[in-house]
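Remarks on the structure that follows.
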Amino acid sequence: MSTGLAALSSRFKGLALYLGGVMGADAYAKYLEHHRLAGHQDPPLGEREFWRDRTDRQDSNPQGRCC
Amino acid sequence: MAGTPDHRNGSVRREGAVATDPALPPAAVDEEVREAEEKKWTPGKIALWAAIALLGGVAWFMLAIIRGETVNAIWFVFASVCTYLIGYRFYSKVIERYITKPDDRRATPAEYKADGKDYVRTDRNVLFGHHFAAIAGAGPLVGPVLAAQMGYLPGTIWIIIGVVLAGAVQDYLVMFFSMRRGGRSLGQMAREELGVVGGTAALIATLLIMVIIVAILALVVVNALGESPWGVFSVGMTIPIALFMGVYLRYLRPGKILEVSLIGFVLLMAAIVGGGIVAETSWGADIFSLDRVTIAWGIIIYGFIAAILPVWLLLAPRDYLSTFMKIGVIVMLAVAIIAVRPEINVPAFSEFASRENGPVFPGALFPFLFVTIACGALSGFHALISSGTTPKLVEKERQTRFIGYGGMLMESFVAIMALVAAISIDRGLYFAMNSPAALTGGTVETAATWVNSLGLAGVNISPDLLSQTAANVGEESIVSRTGGAPTLALGLAHIMQQFIGGTAMMAFWYHFAIMFEALFILTAVDAGTRVARFMLQDSIGNFVPKFREHSWRPGAWLCTAIMVGAWGAVLLMGVTDPLGGINTLFPLFGIANQLLAAIALSVCLAIVAKRGTFKYLWIVALPLTFAAVVTITASYQKIFSPTPAVGYFANNAAFSKALAEGKTEFGTAKTVTAMEAVVRNTAIQGWLSVIFVVLSIIVIATAVLATVKAFRNRAAGIAVQDNEDPARPSRVFAPAGLVPTPAERQLLAEWEKVPAELRFERAGHH
């Protein structure tokens, strides 16, 4: 495995990570981190519940999109 | 201005009000270290900025002074990028230093209100992309195209200078002040800072402006899809694709957003290719060749359904798709323009720059060029995004300059690229596409004759070129495809085919561009309808409390129906307008958008004054005055101009008179029904202009009053009420800009040694 290829692969991963961040794909991971650090006693929401809750909350809190 | 009662001349300095935890490394780079770093001009730094200034100067010289037969597109890129860099490095620093005065020792709402859901600290570079995707849409792609009627230079100057001194200033200030207020919306800030009258006027104006903006964006889509079976099929397919993505994310693989977006993107490409095949068949052409009125009704019905369906099913997945496309398209556009570097034949100032009877949009350069290009130079709509959503995600106060000011510079660059794409096509084609059918006659022969009769220098178009271009892009006809989107699509196809694929790929690129513009616009229509519905529900809720319950179905449906009905009516009016639609309504779009900017800047003016910064108040007053002068002059002309093409009421009177005299055709209206439509439309448009301008003047006046009051109070030593959230100490650190400075790197290294648990205020918010 050449280092060039490895560098390319890590760069690609970085790009995917960035795009995912921009689109909010890492929201659950960030929620878990928050939950852990905040020291909540109750267990965190499961992945499926979290995403359901997220879109359901958007029903009454729409985010504007510009022209 | 020695006599201004600035807070520096006496009253307490805000700095140093927050004591951060001494057990942690500092939450901000030391003030003196940062100052020293900023003020230290190494030879390398001087050489770099001298080179940027020189390159920018040469580029502007090439665009504005040399003006040979042709000008290369690369100069647009250099002129804009160098000006943005200088504006960002120097002007936004001035704003930061004297107006916003961010303090990284203060926690942002994302820190002190952290809930892991709405308030989440977000990496600055990620948030930059996120914010940019939220503010940039079809607006910067359409306005500059229409403005090209006047030649390339007026639009280019306004886009580049306007963003540095106005648009980016507005976005940055609104974002910063909203962040200091826990992410409050523009409407809430207006009520707090301007009182009941100003706040209410701002709310009504915002609601009306959203109706106009959504309607005119929808009109752009309708004009792009009318009589285009390929476009109708591929854009129509985005609905089942989005539904599939929604179900996939809800039930199959929750949270796999990138994955589903990739799948959606592949399906979208398939829909574009499939559209070409379907449009070739006779049944496909039969089913999908829809006239504009039918498409308008389709969008109205779709808009209503989309606004009451759950977000996860249609809006969220479409938004993912739209964001994905947005980033891809803009990178593609930039790469193509830099790689192909097309030669531009359009003159710097066209024949229409000094007249007020341009066929694309009527009116003189001042003020109408400045309202035609709103998004990209100064867009009030951004204030709705910059307040609310993004401030809840900002990690450190200093980052708002990069995200707010920098994000808007990026949108301006998109506008410049759209302008370049639009002016890279033949000028004759440009006018044949963008003039209403009432003038071109609608056929290639009549259009060619009419364009050649305009007497434009260097323009001699043949009917063959018009039909050949239509065939190249897979359309029935390109005559009078107004609205900007088809012209941009043709320009993009023209550039991209030189880059990838040649003429054979032109039709694909054309429909690719139509697709992404439609996608951006439909997302904005969905989201705009929803946001407007909630605003209406909350407003009615003041009188009928039941309406405040967002889950109450009858209320939600009724308010959705009212909002959709309102923009639907304007849309249908535009589609059926005998005078052309886009040319009469687009100025209203720009005026509405910039009046919103004036409202946002008024709120900022009042806030800056209340903070006691009078010496640098001009930084806010300058764009506010300009926006107010432009929009009020434009509104005044739209209301009072005696030229029928410009003034709504003059046109109204002319047509009413013709009807009263018993004429059966007048001007471009060929029947009595069409004449009655003109009378009706011009009356509505005229009264809308009146309402907009009156509301905006109220808002601006209340802001000026609040400013004067703040000045007097400050001079008299009376404490001015501050609506900011109380300062809380920050327990995190992150760099302010794209690249960390040496001092920031050093501090980051210190922070990396601190365990994550310590960086968090435990149970501080529950």
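By convention in this document, the chains of the structure tokens carry letters A, B, ... by their order, each chain's residues are numbered from 1, and ligands are numbered from 1 in the order they are shown.
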Find the residues of chain A that sit at most 8 Å from chain B; for each, write down the nearest two atoms and how far apart they are in Å, to one decimal. Count only C-alpha atoms. Sort by chain, then by number going up, and give it as a tab-separated table.
```
residue	atom	partner	partner_atom	distance
A:Ala16	CA	B:Leu258	CA	8.0
A:Tyr18	CA	B:Val126	CA	6.3
A:Leu19	CA	B:Leu258	CA	7.6
A:Gly20	CA	B:Leu258	CA	5.8
A:Gly21	CA	B:Val126	CA	5.8
A:Val22	CA	B:His130	CA	4.7
A:Met23	CA	B:Tyr320	CA	6.5
A:Gly24	CA	B:Ile257	CA	7.7
A:Ala25	CA	B:Ile257	CA	5.3
A:Ala27	CA	B:Lys117	CA	7.5
A:Tyr28	CA	B:Gly255	CA	7.6
A:Lys30	CA	B:Gly116	CA	6.5
A:Tyr31	CA	B:Gly116	CA	4.4
A:Leu32	CA	B:Gly116	CA	7.7
A:His34	CA	B:Gly116	CA	5.4
A:His35	CA	B:Gly116	CA	7.0
A:Leu37	CA	B:Glu757	CA	5.8
A:Ala38	CA	B:Arg762	CA	5.4
A:Gly39	CA	B:Arg762	CA	6.6
A:His40	CA	B:Ala763	CA	7.9
A:Glu47	CA	B:Pro254	CA	7.2
A:Arg48	CA	B:Pro254	CA	5.7
A:Trp51	CA	B:Gly255	CA	6.3
A:Arg52	CA	B:Arg250	CA	7.0
A:Arg54	CA	B:Lys117	CA	7.5
A:Thr55	CA	B:Trp312	CA	5.4
A:Asp56	CA	B:Val311	CA	7.0
A:Gln58	CA	B:Val311	CA	6.6
A:Asp59	CA	B:Val311	CA	5.5
A:Ser60	CA	B:His550	CA	6.2
A:Pro62	CA	B:Val531	CA	5.9
A:Gln63	CA	B:Ala527	CA	6.8
A:Gly64	CA	B:Ala527	CA	5.6
A:Arg65	CA	B:Ala524	CA	5.1
A:Cys66	CA	B:Ile135	CA	4.8
A:Cys67	CA	B:Gly137	CA	4.7
```
Where in chain A does DSSP assign helix (DSSP H, G or I), given as JSON, numbers by chain?
{"A": [3, 4, 5, 6, 7, 8, 9, 10, 11, 12, 13, 14, 15, 16, 17, 18, 19, 20, 21, 22, 23, 27, 28, 29, 30, 31, 32, 33, 34, 35, 36, 37, 38, 47, 48, 49, 50, 51, 52, 53, 54, 55, 56, 57, 58, 59, 60]}
Spatial neighbours of B:Gly474, max dist 10 Å, only C-alpha atoms, sep filter under 4 positions, as a list in words
Ser228, Pro229, Trp230, Gly231, Gly276, Ala279, Glu280, Gln468, Thr469, Ala470, Ile478, Met506, Ala507, Phe508, Tyr510 and His511 of chain B
Which residues, written as JSON, numbers by chain, have at least one atom at most 12 Å from B:Ile99, with only C-alpha atoms counted and residues fewer than 5 positions away on the same chain left out?
{"B": [6, 7, 8, 91, 92, 93, 94, 169, 172, 173, 176, 177, 401, 604, 605, 607, 608, 609, 610, 611, 612, 613, 614, 615, 616, 617, 618, 619, 620]}
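One finds atom CA of B:Leu439 at 26.0 Å from atom CA of B:Ile344.
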Gap from atom CA of B:Asp103 to atom CA of B:Phe402 - Å, one decimal:
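Between these atoms lies a distance of 14.8 Å.
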Quote the spacing between atom CA of B:Ala201 and atom CA of B:Ser641 in Å to one decimal place.
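Going from atom CA of B:Ala201 over to atom CA of B:Ser641, I get 25.9 Å.
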For B:Val630, the closest of B:Gly428, B:Pro367, B:Pro347, B:Pro26 counting only C-alpha atoms is B:Pro367
Polymer residues at most 9 Å from B:Leu267, only C-alpha atoms, same-chain spacing of 4 or more positions, as a ChimeraX atom specification
/B:237-238,241,262-263,271-272
